[in-house]
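Engineer: What follows is the file start07.txt, containing compact mmCIF, C-alpha atoms (C1' of nucleotides):
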# COMPACT_ATOMS: atom_id res chain seq x y z
CA MET S 1 -23.40 73.02 -169.60
CA THR S 2 -21.04 75.26 -171.52
CA SER S 3 -20.56 75.15 -175.24
CA THR S 4 -17.27 73.36 -174.77
CA ASP S 5 -18.63 70.12 -173.38
CA ARG S 6 -19.00 68.29 -176.66
CA PRO S 7 -17.37 64.91 -176.77
CA ALA S 8 -17.23 65.81 -180.43
CA GLY S 9 -14.81 63.41 -182.09
CA ARG S 10 -12.87 64.00 -185.23
CA PRO S 11 -14.42 65.53 -188.29
CA THR S 12 -13.48 62.86 -190.80
CA ARG S 13 -14.33 62.63 -194.45
CA GLN S 14 -16.78 59.84 -193.68
CA ARG S 15 -18.62 61.79 -191.03
CA ARG S 16 -18.88 64.79 -193.24
CA ALA S 17 -20.22 62.63 -196.03
CA VAL S 18 -22.93 61.19 -193.81
CA ALA S 19 -23.86 64.63 -192.54
CA GLU S 20 -24.15 65.87 -196.11
CA VAL S 21 -26.34 63.05 -197.23
CA LEU S 22 -28.58 63.71 -194.26
CA GLU S 23 -29.18 67.15 -195.70
CA SER S 24 -30.32 65.69 -198.99
CA PHE S 25 -33.65 64.30 -197.85
CA ASP S 26 -36.41 65.25 -195.47
CA ASP S 27 -37.97 61.98 -194.57
CA PHE S 28 -36.75 59.04 -192.58
CA ARG S 29 -34.25 56.66 -194.17
CA SER S 30 -32.68 53.48 -192.92
CA ALA S 31 -28.96 53.14 -192.32
CA GLN S 32 -28.77 50.82 -195.30
CA GLU S 33 -30.46 53.34 -197.56
CA ILE S 34 -28.14 56.05 -196.38
CA HIS S 35 -25.20 53.83 -197.09
CA GLY S 36 -26.62 53.24 -200.55
CA LEU S 37 -27.00 56.97 -201.15
CA LEU S 38 -23.39 57.51 -200.18
CA THR S 39 -22.22 54.82 -202.54
CA ALA S 40 -24.35 56.30 -205.32
CA ARG S 41 -22.63 59.63 -204.75
CA GLY S 42 -19.29 57.99 -205.14
CA GLN S 43 -18.53 58.45 -201.45
CA THR S 44 -17.06 55.25 -200.19
CA VAL S 45 -18.01 54.76 -196.57
CA GLY S 46 -18.18 51.42 -194.83
CA LEU S 47 -21.56 50.23 -193.68
CA ALA S 48 -20.33 49.79 -190.13
CA THR S 49 -19.11 53.36 -190.17
CA VAL S 50 -22.50 54.57 -191.33
CA TYR S 51 -24.08 52.78 -188.41
CA ARG S 52 -21.53 54.14 -185.96
CA THR S 53 -21.89 57.66 -187.27
CA LEU S 54 -25.66 57.61 -187.15
CA GLN S 55 -25.52 56.28 -183.63
CA ARG S 56 -23.16 59.03 -182.59
CA LEU S 57 -25.38 61.64 -184.16
CA ALA S 58 -28.40 60.16 -182.46
CA ASP S 59 -26.66 60.23 -179.08
CA ALA S 60 -25.85 63.85 -179.68
CA ASP S 61 -29.50 64.47 -180.60
CA GLU S 62 -28.48 65.61 -184.02
CA VAL S 63 -30.65 63.09 -185.77
CA ASP S 64 -34.02 61.63 -184.91
CA VAL S 65 -34.35 57.89 -184.80
CA LEU S 66 -37.51 55.96 -184.92
CA ARG S 67 -38.51 52.42 -185.63
CA THR S 68 -40.69 51.38 -188.49
CA GLU S 69 -43.44 48.96 -187.65
CA GLU S 70 -41.11 46.21 -188.89
CA GLY S 71 -38.53 47.22 -186.32
CA GLU S 72 -36.02 48.75 -188.66
CA ALA S 73 -34.33 51.91 -187.40
CA VAL S 74 -34.75 54.97 -189.59
CA TYR S 75 -32.94 58.28 -189.27
CA ARG S 76 -33.43 61.89 -190.21
CA ARG S 77 -31.61 65.08 -189.36
CA CYS S 78 -33.69 66.85 -186.80
CA SER S 79 -34.61 70.32 -185.93
CA PRO S 80 -32.97 71.63 -182.79
CA THR S 81 -36.10 71.48 -180.69
CA HIS S 82 -37.52 68.39 -179.10
CA HIS S 83 -40.62 67.22 -180.86
CA HIS S 84 -42.67 64.22 -181.86
CA HIS S 85 -43.92 62.72 -185.07
CA LEU S 86 -47.22 62.25 -186.76
CA VAL S 87 -46.58 59.55 -189.34
CA CYS S 88 -48.80 58.39 -192.17
CA ARG S 89 -49.18 54.65 -191.92
CA THR S 90 -49.68 54.35 -195.66
CA CYS S 91 -47.23 56.67 -197.37
CA GLY S 92 -44.87 57.56 -194.56
CA ALA S 93 -45.45 61.30 -194.73
CA THR S 94 -44.24 62.82 -191.49
CA VAL S 95 -45.23 65.94 -189.63
CA GLU S 96 -43.20 67.19 -186.69
CA VAL S 97 -45.32 68.26 -183.80
CA GLU S 98 -44.49 69.88 -180.51
CA GLY S 99 -46.26 69.31 -177.29
CA PRO S 100 -45.34 71.26 -174.21
CA ALA S 101 -48.36 69.64 -172.60
CA VAL S 102 -46.93 66.20 -173.18
CA GLU S 103 -43.51 67.18 -171.86
CA ARG S 104 -45.08 68.51 -168.70
CA TRP S 105 -47.29 65.52 -168.29
CA THR S 106 -44.51 62.96 -168.65
CA ARG S 107 -42.40 64.79 -166.12
CA ALA S 108 -45.26 64.94 -163.66
CA ILE S 109 -46.04 61.24 -164.04
CA ALA S 110 -42.42 60.23 -163.65
CA ASP S 111 -41.97 62.43 -160.59
CA GLU S 112 -45.01 60.87 -159.07
CA HIS S 113 -43.39 57.45 -159.35
CA GLY S 114 -39.93 58.60 -158.37
CA TYR S 115 -38.35 57.98 -161.75
CA ALA S 116 -35.43 60.18 -162.75
CA ASP S 117 -33.25 60.76 -165.76
CA LEU S 118 -36.11 60.76 -168.20
CA SER S 119 -36.58 60.42 -171.87
CA HIS S 120 -39.65 59.59 -173.83
CA HIS S 121 -40.87 58.63 -177.24
CA LEU S 122 -44.22 59.53 -178.64
CA GLU S 123 -45.29 58.67 -182.12
CA ILE S 124 -48.70 59.11 -183.60
CA PHE S 125 -49.67 56.93 -186.53
CA GLY S 126 -52.60 57.61 -188.78
CA THR S 127 -53.70 58.03 -192.37
CA CYS S 128 -52.86 61.35 -193.97
CA PRO S 129 -55.37 63.42 -195.96
CA ALA S 130 -53.78 62.47 -199.29
CA CYS S 131 -54.02 58.76 -198.61
CA LEU S 132 -57.53 59.11 -197.28
CA SER S 133 -58.80 60.66 -200.49
CA GLY S 134 -56.60 58.58 -202.79
CA MET R 1 -69.27 43.27 -188.29
CA THR R 2 -71.16 40.41 -186.73
CA SER R 3 -69.68 38.00 -184.26
CA THR R 4 -69.31 35.41 -186.99
CA ASP R 5 -66.73 37.20 -189.09
CA ARG R 6 -63.66 35.72 -187.48
CA PRO R 7 -61.17 34.16 -189.83
CA ALA R 8 -60.49 32.21 -186.69
CA GLY R 9 -58.37 29.21 -187.54
CA ARG R 10 -58.20 26.05 -185.56
CA PRO R 11 -58.04 26.07 -181.80
CA THR R 12 -54.98 23.93 -181.31
CA ARG R 13 -53.22 22.96 -178.13
CA GLN R 14 -50.38 25.33 -178.99
CA ARG R 15 -52.64 28.30 -179.54
CA ARG R 16 -54.43 27.67 -176.32
CA ALA R 17 -51.11 27.41 -174.52
CA VAL R 18 -49.95 30.75 -175.88
CA ALA R 19 -53.25 32.38 -174.98
CA GLU R 20 -52.94 31.02 -171.45
CA VAL R 21 -49.43 32.25 -170.95
CA LEU R 22 -50.53 35.66 -172.13
CA GLU R 23 -52.88 35.71 -169.17
CA SER R 24 -50.06 35.06 -166.76
CA PHE R 25 -48.35 38.43 -166.96
CA ASP R 26 -49.35 42.02 -167.29
CA ASP R 27 -46.36 43.62 -168.89
CA PHE R 28 -44.86 43.30 -172.32
CA ARG R 29 -42.80 40.23 -173.15
CA SER R 30 -40.87 39.26 -176.22
CA ALA R 31 -41.77 36.26 -178.32
CA GLN R 32 -38.65 34.54 -177.07
CA GLU R 33 -39.59 35.13 -173.44
CA ILE R 34 -43.06 33.82 -174.08
CA HIS R 35 -41.58 30.75 -175.67
CA GLY R 36 -39.39 30.35 -172.60
CA LEU R 37 -42.39 30.64 -170.28
CA LEU R 38 -44.17 27.95 -172.25
CA THR R 39 -41.21 25.65 -172.03
CA ALA R 40 -40.93 26.33 -168.30
CA ARG R 41 -44.56 25.28 -167.94
CA GLY R 42 -43.82 22.05 -169.68
CA GLN R 43 -45.80 23.14 -172.71
CA THR R 44 -43.82 22.24 -175.75
CA VAL R 45 -44.48 24.76 -178.47
CA GLY R 46 -42.11 25.52 -181.31
CA LEU R 47 -40.61 28.97 -181.45
CA ALA R 48 -41.88 29.49 -184.97
CA THR R 49 -45.35 28.63 -183.81
CA VAL R 50 -45.12 31.16 -181.01
CA TYR R 51 -44.22 33.81 -183.54
CA ARG R 52 -47.01 32.77 -185.88
CA THR R 53 -49.54 32.72 -183.10
CA LEU R 54 -48.56 36.10 -181.72
CA GLN R 55 -48.72 37.56 -185.18
CA ARG R 56 -52.15 36.14 -185.72
CA LEU R 57 -53.33 37.50 -182.40
CA ALA R 58 -51.86 40.88 -183.19
CA ASP R 59 -53.63 40.96 -186.54
CA ALA R 60 -56.85 40.17 -184.76
CA ASP R 61 -56.13 42.97 -182.28
CA GLU R 62 -56.13 40.52 -179.45
CA VAL R 63 -52.66 41.48 -178.32
CA ASP R 64 -50.78 44.76 -178.24
CA VAL R 65 -47.40 44.88 -179.90
CA LEU R 66 -44.74 47.44 -179.36
CA ARG R 67 -41.06 47.75 -180.04
CA THR R 68 -38.37 48.16 -177.43
CA GLU R 69 -35.65 50.72 -178.01
CA GLU R 70 -33.56 47.91 -179.46
CA GLY R 71 -36.26 47.13 -181.98
CA GLU R 72 -37.41 43.89 -180.45
CA ALA R 73 -41.13 43.23 -180.67
CA VAL R 74 -42.90 42.73 -177.35
CA TYR R 75 -46.42 41.50 -176.82
CA ARG R 76 -49.14 41.70 -174.22
CA ARG R 77 -52.76 40.74 -174.12
CA CYS R 78 -54.83 43.86 -174.64
CA SER R 79 -56.07 45.35 -171.49
CA PRO R 80 -59.47 46.91 -171.84
CA THR R 81 -58.14 50.37 -171.11
CA HIS R 82 -55.63 52.18 -173.19
CA HIS R 83 -52.58 53.35 -171.30
CA HIS R 84 -48.87 53.95 -171.54
CA HIS R 85 -45.69 52.76 -169.87
CA LEU R 86 -43.09 54.19 -167.60
CA VAL R 87 -40.14 51.84 -167.95
CA CYS R 88 -36.97 51.66 -165.87
CA ARG R 89 -34.03 51.80 -168.22
CA THR R 90 -31.91 49.79 -165.79
CA CYS R 91 -34.06 47.04 -164.35
CA GLY R 92 -37.05 47.08 -166.67
CA ALA R 93 -39.63 47.73 -163.95
CA THR R 94 -42.78 48.96 -165.64
CA VAL R 95 -45.57 51.16 -164.39
CA GLU R 96 -48.73 51.55 -166.39
CA VAL R 97 -49.91 55.10 -166.59
CA GLU R 98 -52.98 56.66 -168.05
CA GLY R 99 -53.13 60.02 -169.66
CA PRO R 100 -56.42 61.45 -170.80
CA ALA R 101 -54.51 64.65 -171.47
CA VAL R 102 -52.24 62.86 -173.91
CA GLU R 103 -55.12 61.14 -175.64
CA ARG R 104 -56.85 64.45 -176.12
CA TRP R 105 -53.71 66.13 -177.29
CA THR R 106 -52.84 63.50 -179.90
CA ARG R 107 -56.34 63.62 -181.28
CA ALA R 108 -56.26 67.38 -181.50
CA ILE R 109 -52.89 67.42 -183.26
CA ALA R 110 -53.94 64.76 -185.72
CA ASP R 111 -57.19 66.53 -186.49
CA GLU R 112 -55.30 69.70 -187.10
CA HIS R 113 -53.28 67.98 -189.81
CA GLY R 114 -56.18 66.02 -191.23
CA TYR R 115 -54.90 62.61 -190.18
CA ALA R 116 -57.47 59.93 -189.47
CA ASP R 117 -57.58 56.39 -188.18
CA LEU R 118 -55.18 57.08 -185.35
CA SER R 119 -53.06 55.11 -183.03
CA HIS R 120 -50.15 56.20 -180.94
CA HIS R 121 -47.35 54.91 -178.85
CA LEU R 122 -45.94 56.76 -175.87
CA GLU R 123 -43.26 55.33 -173.70
CA ILE R 124 -41.41 57.07 -170.93
CA PHE R 125 -37.98 55.77 -170.00
CA GLY R 126 -36.14 56.66 -166.82
CA THR R 127 -34.40 55.27 -163.78
CA CYS R 128 -36.63 53.90 -161.06
CA PRO R 129 -36.21 54.76 -157.35
CA ALA R 130 -34.71 51.37 -156.54
CA CYS R 131 -32.04 51.65 -159.21
CA LEU R 132 -31.32 55.24 -158.26
CA SER R 133 -30.51 54.34 -154.67
CA GLY R 134 -28.92 50.99 -155.47
C1' DG I 1 6.84 69.86 -192.88
C1' DG I 2 7.05 65.63 -190.31
C1' DC I 3 6.30 62.56 -186.26
C1' DC I 4 3.56 60.36 -182.54
C1' DC I 5 -0.50 58.34 -181.05
C1' DA I 6 -5.15 57.97 -180.05
C1' DT I 7 -9.17 57.78 -182.80
C1' DT I 8 -11.51 56.08 -186.64
C1' DT I 9 -12.22 53.17 -190.33
C1' DG I 10 -13.25 48.98 -193.12
C1' DA I 11 -13.74 44.17 -194.15
C1' DC I 12 -15.72 40.47 -192.37
C1' DA I 13 -17.29 37.51 -188.78
C1' DA I 14 -20.75 37.08 -185.31
C1' DT I 15 -25.10 37.80 -183.28
C1' DG I 16 -29.87 37.61 -182.61
C1' DA I 17 -34.56 38.19 -183.80
C1' DT I 18 -37.65 36.81 -187.12
C1' DT I 19 -39.25 34.25 -191.22
C1' DC I 20 -39.24 30.49 -194.46
C1' DT I 21 -39.35 25.52 -195.93
C1' DC I 22 -41.27 21.37 -196.04
C1' DA I 23 -42.14 16.92 -194.25
C1' DT I 24 -45.03 15.33 -190.48
C1' DT I 25 -49.05 15.76 -187.49
C1' DA I 26 -53.46 17.11 -185.61
C1' DC I 27 -58.20 19.06 -186.09
C1' DC I 28 -62.85 18.96 -188.31
C1' DG I 29 -66.64 17.41 -190.68
C1' DC I 30 -68.46 13.40 -192.43
C1' DG C 1 -62.63 6.14 -188.02
C1' DC C 2 -61.10 8.70 -192.61
C1' DG C 3 -59.61 12.23 -195.65
C1' DG C 4 -58.06 16.49 -196.54
C1' DT C 5 -56.55 20.79 -195.08
C1' DA C 6 -54.54 23.80 -191.93
C1' DA C 7 -51.07 23.85 -188.33
C1' DT C 8 -46.78 22.49 -186.37
C1' DG C 9 -41.73 21.75 -185.58
C1' DA C 10 -36.87 21.56 -186.63
C1' DG C 11 -33.66 23.72 -188.67
C1' DA C 12 -31.99 26.52 -192.38
C1' DA C 13 -32.18 31.11 -194.23
C1' DT C 14 -32.51 36.07 -193.93
C1' DC C 15 -31.42 40.53 -192.58
C1' DA C 16 -30.35 44.41 -189.76
C1' DT C 17 -27.10 45.47 -186.61
C1' DT C 18 -22.86 45.03 -183.76
C1' DG C 19 -18.24 43.32 -182.62
C1' DT C 20 -13.27 42.49 -183.89
C1' DC C 21 -8.92 43.97 -184.98
C1' DA C 22 -5.36 45.34 -188.03
C1' DA C 23 -4.47 49.23 -191.01
C1' DA C 24 -5.12 54.11 -192.04
C1' DT C 25 -5.80 58.87 -190.71
C1' DG C 26 -6.18 63.48 -188.40
C1' DG C 27 -4.39 66.73 -184.90
C1' DG C 28 -1.23 68.69 -182.22
C1' DC C 29 3.44 69.58 -181.33
C1' DC C 30 8.26 70.34 -182.50
Show the structure stored in the file as C-alpha cells.

Structural biologist:
Amino acid sequence: MTSTDRPAGRPTRQRRAVAEVLESFDDFRSAQEIHGLLTARGQTVGLATVYRTLQRLADADEVDVLRTEEGEAVYRRCSPTHHHHLVCRTCGATVEVEGPAVERWTRAIADEHGYADLSHHLEIFGTCPACLSG
Amino acid sequence: MTSTDRPAGRPTRQRRAVAEVLESFDDFRSAQEIHGLLTARGQTVGLATVYRTLQRLADADEVDVLRTEEGEAVYRRCSPTHHHHLVCRTCGATVEVEGPAVERWTRAIADEHGYADLSHHLEIFGTCPACLSG
DNA sequence: GGCCCATTTGACAATGATTCTCATTACCGC
DNA sequence: GCGGTAATGAGAATCATTGTCAAATGGGCC
C-alpha cells in the first residue's frame, strides 16, 4: 500500500510515445487508431506493443477501457478517481459521472452473496442533447 | 405501433430451434455456446444461421445482448424485469440482482446532462464463495 | 564509459469470433 | 403442387487481438 509497490516496468521510448498520444485526445480511441496516430506522428511503435502498453496501463488503472457496441476495445486516459460513463449512442460524446451510491450498492449486493474481490462496470447509453435537437 | 408491424420473417425450423434453446437457460450464453446446445439437442443449425437469428432477435428486442470483458457477445431471452449481474470471475457463476437505486440514479444523472432514450449496462465481477474457499 | 542480463520490442503467425458469399433449399400464397 | 423469394449452410474472408521468439535496449554496477 506504499508508493513503492508499483510493478512499474521500464520507461521506454515506445511507452512514452503511447502515453503522449493519450494526452492528445479526450475521447475514446481504439488501439488501432492510437497506433495510427503514433505512425502519423512519425513515432514508430509496433502494433503489438501498442496493445501491450494499453493493457498494462489499463491494469494499472491509468486508462479507462470500454467496449463499443461492436465489441471493439477503446481506451482513454482517465482521471484518477473511479467513475462511470454516460455515452451518446449517436455521436459518442462522453461524460464522466461519479456515483458513490452505486459503489455502495454494488458492495452491499456482493457482500450479501458472499462475493469478494470486486470490480464493476457501469455504462449508461443515451442520446445527447446535441443529437436530439440535430 | 399495432401488433401487425412486425417485419417478422419466416418461421423456419432453425428459428424455432434457436427460440426454444433460448428458453432452456436463464443466464447469458455466447452464440457459439448456443450453437453447441443446438447440436447437442440433435438440432442441426448452421453457425451462421445462429448468428443471424440472434441478431434478428436482438434487433427486435426479443433478446438481451451484452459483451463479456473479452468482448464476446452473449445473449439471453429478455426477462420481463430489468436487472443486473453479479458474475464470478473464476467459475462464471451468475446471480441476478435488481437495483431500483441504480435505475433511479442512472436516470437522474442522464437527466442532469440532458441525455434521453436511455439504456445502461451494469455488471459486477468478483470471486464467489465457492471459489474463495476452493 | 562499458558490460551483463532481464525486460521489452517488432514482425509475423495464430487465434477466434463474427460476417460474407453464393449455390442450394424450404416456406408461402396461389 | 408450383414459382419465387427469403432463408440456410459450408466454408472462405475479415478483423481485432494475442502469442512466438529472436533481436534490441535500458539500468545498474564496476

Engineer: Please identify every residue of chain C that has at least one atom no more than 10 Å from any atom of chain S, counting only C-alpha atoms (C1' of nucleotides), and report them as a PyMOL selection string.

Structural biologist: chain C and resi 16-18+25-27

Engineer: With C-alpha atoms (C1' of nucleotides) retained, could you export that selection as a PDB file, in the frame of the given file?

Structural biologist:
ATOM      1  C1'  DA C  16     -30.350  44.410-189.760  1.00  0.00           C
ATOM      2  C1'  DT C  17     -27.100  45.470-186.610  1.00  0.00           C
ATOM      3  C1'  DT C  18     -22.860  45.030-183.760  1.00  0.00           C
ATOM      4  C1'  DT C  25      -5.800  58.870-190.710  1.00  0.00           C
ATOM      5  C1'  DG C  26      -6.180  63.480-188.400  1.00  0.00           C
ATOM      6  C1'  DG C  27      -4.390  66.730-184.900  1.00  0.00           C
TER       7       DG C  27
END

Engineer: Find the residue from I:DC22, I:DC5, I:DC27, I:DA11 that sits nearest to chain S; use only C-alpha atoms (C1' of nucleotides) when measuring.

Structural biologist: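 Looking at the shortest contact to chain S, the residue is I:DA11.
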
Engineer: How far apart are chain R and chain S by Cα RMSD after a least-squares superposition over every Cα, paired in order?

Structural biologist: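 Pairing the C-alpha atoms in order and fitting gives 1.9 Å.
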
Engineer: Figure out the distance between atom CA of R:Thr90 and atom CA of R:Cys131, please, to one decimal in Å.

Structural biologist: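 We find that atom CA of R:Cys131 and atom CA of R:Thr90 lie 6.8 Å from each other.
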
Engineer: Please tabulate, as JSON lines, the residues of chain I that come within 9 Å of chain S, each with its closest pair of atoms and the distance in Å to one decimal, counting all atoms listed in the file and ordering rows by chain, then residue number upward.

Structural biologist:
{"residue": "I:DT7", "atom": "C1'", "partner": "S:Arg10", "partner_atom": "CA", "distance": 7.6}
{"residue": "I:DT8", "atom": "C1'", "partner": "S:Arg10", "partner_atom": "CA", "distance": 8.2}
{"residue": "I:DT9", "atom": "C1'", "partner": "S:Thr49", "partner_atom": "CA", "distance": 6.9}
{"residue": "I:DG10", "atom": "C1'", "partner": "S:Gly46", "partner_atom": "CA", "distance": 5.8}
{"residue": "I:DA11", "atom": "C1'", "partner": "S:Gly46", "partner_atom": "CA", "distance": 8.5}

Engineer: Within 9 Å of chain S, which residues of chain R show up when using all atoms listed in the file, listed as a PyMOL selection string?

Structural biologist: chain R and resi 66-73+86-88+95+97+99+101-102+105-106+109-110+113-129+132

Engineer: Can you work out which one of S:Ala93, S:Val63, S:Val74, S:Ala108 has the shortest atom-to-atom distance to S:Glu33, counting only C-alpha atoms?

Structural biologist: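 Once distances to S:Glu33 are computed over only C-alpha atoms, the minimum belongs to S:Val74.
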
Engineer: Could you tell me how far atom CA of S:Leu22 lies from atom CA of S:Thr94, in Å and to one decimal?

Structural biologist: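 Distance between the two atoms: 15.9 Å.
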
Engineer: Quick check, in Å to one decimal: how far apart do atom CA of S:His35 and atom C1' of I:DA6 lie?

Structural biologist: 26.6 Å
